[in-house]
Amino acid sequence: MGSEASPGPDDVGFVEGTRLANGLGRTGTIHTPHGDISTPAFVVVGTKATVKSVLPETVAGLGAQAVLANALHLYLQPGSDIVDEAGGLGAFMNWPGPTFTDSGGFQVMSLGVGFKKVLAMDVTGLQDDDVIAEGKQRQAHVDSDGVWFTSPINGDRHRFTPEVSMRVQHQLGADIMFAFDELTTLMNTRAYQESSVERTRQWAVRCLAAHRQLTAQRSHRPYQALFGVVQGAQYEDLRRMACRGLVATEVEGQRFDGYGIGGAIEKQRLGEIVGWCSEELPDDKPRHLLGISEPDDLFAAVAAGADTFDCVNPSRVARNAAIYTAQGRYNVNTAANRRDFRPLEEGCDCYTCTHYTRAYLHHLFKAKEMLSATLATIHNERFTVRLVDTIREAIEAGDFDACRTEVLGRFYARSGAPGGSIGS
């Protein structure tokens, strides 16, 4: 490990563990200044330095190894300088473990094309070349240098560039941060995808340069790992080209410490697309898949070589009474649960299931009590963290294929074919 006075890339590293027979899927350990992350791992999303409705101590209790926050949101409120003054993201939110921050690219895209929360993974039947969610009010504009966007808080105009994103993320102080990228949708044209991949590559070079400079200026802080982000949508040649470009990028000896796989990904081809990237990216660097949490997507991504994941979905759907179980998903606010005094999921070890019943959660949601979101979120986050832990254990035991068959067979037995979206 590097000394605290001169932080450097040696402070963050990755050690590979057990590999699947296909040569891509694997276990491993990511070393950070605030602790190790055993992979595969699900990173719980705390967008605004909080996992909505849940205490940080509770997040730790449900088994989460790391938390991810949003750079753009924290830049707008309370301000990244305030988080820096507090000692960084972990100290600010009282989270002692590893932290991630994204670059703000997803939020810029959502403002730019009218999105709210999710990025569609299936565009069957959609016609518009730009918009694949309701609402077309554009509040962001991308150019070669960066992005102008309108604050959703007060309507102020702001400028984000690779250098601004790096400054903000350095002030936030997360152990792992992501280079500023342009996120596209599955409905963008091939020509636009090509220009976007090149723009993201150019921004990645600028991010590395800014990261190197800021690291030297902030030698009193632990080293922050910087991940380059792979774009290219559903096109194999663009994905592979993006990977090769990021791997080859170097600024005065500074290279990327890991890689994020982002952007629009067709659900039916998720494993294939992630596999292209894993084949191109170096084995000694971690790979983070942005915005994934559905059980079938997690198994497909792990088999294809992804190491870590994040998604807002477990907490978002929990606030709408949707509950994940090994037998599938159900809504606890339906009439069938009004007099059901079983836990949300039989055999679940989470705080909610060991203390409360479906009937109580049904009452809380019907009464619009805030506690409903807290208890449902605890369960859904525990379900997702535990699932990825189970996948990791299955790889180590040599039982991955059997585990996938059993888990997915039970989960989708009632609901049929899985659907999905990418959330951040």
# chains A, B, ... in the order shown; residues from 1 in each chain; ligands from 1
call {"tool": "residues_around", "arguments": {"residues": "Leu364 in chain A", "least_positions_apart": "3", "cutoff": "12 Å", "atoms": "only C-alpha atoms", "output": "NGL selection string"}}
result
:A and (319-321 or 332-333 or 337-338 or 356-361 or 367-376)
call {"tool": "residues_around", "arguments": {"residues": "range 80-85 of chain A", "least_positions_apart": "5", "cutoff": "7 Å", "atoms": "only C-alpha atoms", "output": "PyMOL selection string"}}
result
chain A and resi 74-75+92+168+171-173
call {"tool": "select_by_dssp", "arguments": {"residues": "range 26-233 of chain A", "states": "strand (DSSP E)", "output": "PyMOL selection string"}}
result
chain A and resi 26-32+35-39+41-45+67-70+99-102+118-120+140-142+147-150+157-160+176-178+225-230
call {"tool": "atom_distance", "arguments": {"atom1": "CA of Ile261 in chain A", "atom2": "CA of His288 in chain A"}}
result
6.0 Å
call {"tool": "atom_distance", "arguments": {"atom1": "CA of Ala318 in chain A", "atom2": "CA of Val407 in chain A"}}
result
20.8 Å
call {"tool": "residues_around", "arguments": {"residues": "range 34-41 of chain A", "least_positions_apart": "5", "cutoff": "8 Å", "atoms": "only C-alpha atoms", "output": "number ranges by chain"}}
result
A: 26-29, 65-66, 96-98, 175, 302, 306-309, 385, 388-389, 391-392
call {"tool": "closest_residue", "arguments": {"among": "A:His211, A:Arg221, A:Arg255, A:Arg269", "to": "Tyr235 in chain A", "atoms": "only C-alpha atoms"}}
result
A:Arg269
call {"tool": "atom_distance", "arguments": {"atom1": "CA of Ala335 in chain A", "atom2": "CA of Ser293 in chain A"}}
result
27.7 Å
call {"tool": "residues_around", "arguments": {"residues": "Pro162 in chain A", "least_positions_apart": "5", "cutoff": "9 Å", "atoms": "only C-alpha atoms", "output": "number ranges by chain"}}
result
A: 103, 145-146, 167, 179-181, 203-207, 210
call {"tool": "residues_around", "arguments": {"residues": "Ile176 in chain A", "least_positions_apart": "4", "cutoff": "7 Å", "atoms": "only C-alpha atoms", "output": "count of residues only"}}
result
6
call {"tool": "select_by_dssp", "arguments": {"residues": "range 303-392 of chain A", "states": "helix (DSSP H, G or I)", "output": "VMD selection string"}}
result
chain A and resid 303 313 to 318 335 to 337 351 to 355 358 to 366 371 to 392
call {"tool": "write_last_selection", "arguments": {"atoms": "C-alpha atoms", "output": "CSV table (one decimal), in the first residue's frame"}}
result
chain,number,residue,atom,x,y,z
A,303,ALA,CA,-20.9,-15.3,-16.0
A,313,ASN,CA,-34.2,-0.6,-8.4
A,314,PRO,CA,-34.3,-2.6,-5.1
A,315,SER,CA,-35.1,0.5,-3.1
A,316,ARG,CA,-37.2,2.3,-5.7
A,317,VAL,CA,-39.7,-0.6,-6.1
A,318,ALA,CA,-39.7,-1.1,-2.4
A,335,ALA,CA,-55.8,-7.4,-0.5
A,336,ALA,CA,-54.3,-10.9,-0.2
A,337,ASN,CA,-51.8,-9.6,2.3
A,351,TYR,CA,-34.5,-7.2,10.1
A,352,THR,CA,-37.9,-6.7,8.5
A,353,CYS,CA,-38.7,-10.4,8.1
A,354,THR,CA,-37.6,-11.3,11.6
A,355,HIS,CA,-39.7,-8.6,13.2
A,358,ARG,CA,-47.0,-8.8,5.5
A,359,ALA,CA,-50.2,-7.6,7.2
A,360,TYR,CA,-48.2,-4.9,9.0
A,361,LEU,CA,-46.5,-3.8,5.9
A,362,HIS,CA,-49.8,-3.8,4.1
A,363,HIS,CA,-51.2,-1.5,6.7
A,364,LEU,CA,-48.2,0.8,6.6
A,365,PHE,CA,-48.5,1.2,2.8
A,366,LYS,CA,-52.3,1.7,2.9
A,371,LEU,CA,-42.0,3.3,7.9
A,372,SER,CA,-43.4,1.3,5.0
A,373,ALA,CA,-40.5,2.4,2.7
A,374,THR,CA,-37.9,1.7,5.4
A,375,LEU,CA,-39.0,-1.9,6.1
A,376,ALA,CA,-39.6,-2.8,2.5
A,377,THR,CA,-36.2,-1.3,1.4
A,378,ILE,CA,-34.3,-3.2,4.1
A,379,HIS,CA,-35.8,-6.5,2.7
A,380,ASN,CA,-35.2,-5.8,-1.0
A,381,GLU,CA,-31.6,-4.6,-0.5
A,382,ARG,CA,-30.9,-7.6,1.7
A,383,PHE,CA,-32.4,-9.9,-0.9
A,384,THR,CA,-30.1,-8.4,-3.7
A,385,VAL,CA,-26.9,-8.3,-1.6
A,386,ARG,CA,-27.5,-11.9,-0.4
A,387,LEU,CA,-28.2,-13.1,-4.0
A,388,VAL,CA,-24.9,-11.8,-5.2
A,389,ASP,CA,-23.2,-13.3,-2.2
A,390,THR,CA,-24.8,-16.6,-3.1
A,391,ILE,CA,-23.5,-16.3,-6.6
A,392,ARG,CA,-19.9,-15.7,-5.3
call {"tool": "closest_residue", "arguments": {"among": "A:Tyr192, A:Ser165, A:Ala300, A:Arg414", "to": "Thr325 in chain A", "atoms": "only C-alpha atoms"}}
result
A:Arg414
call {"tool": "closest_residue", "arguments": {"among": "A:Met241, A:Leu246, A:Leu68, A:Ile265", "to": "Met187 in chain A", "atoms": "only C-alpha atoms"}}
result
A:Ile265
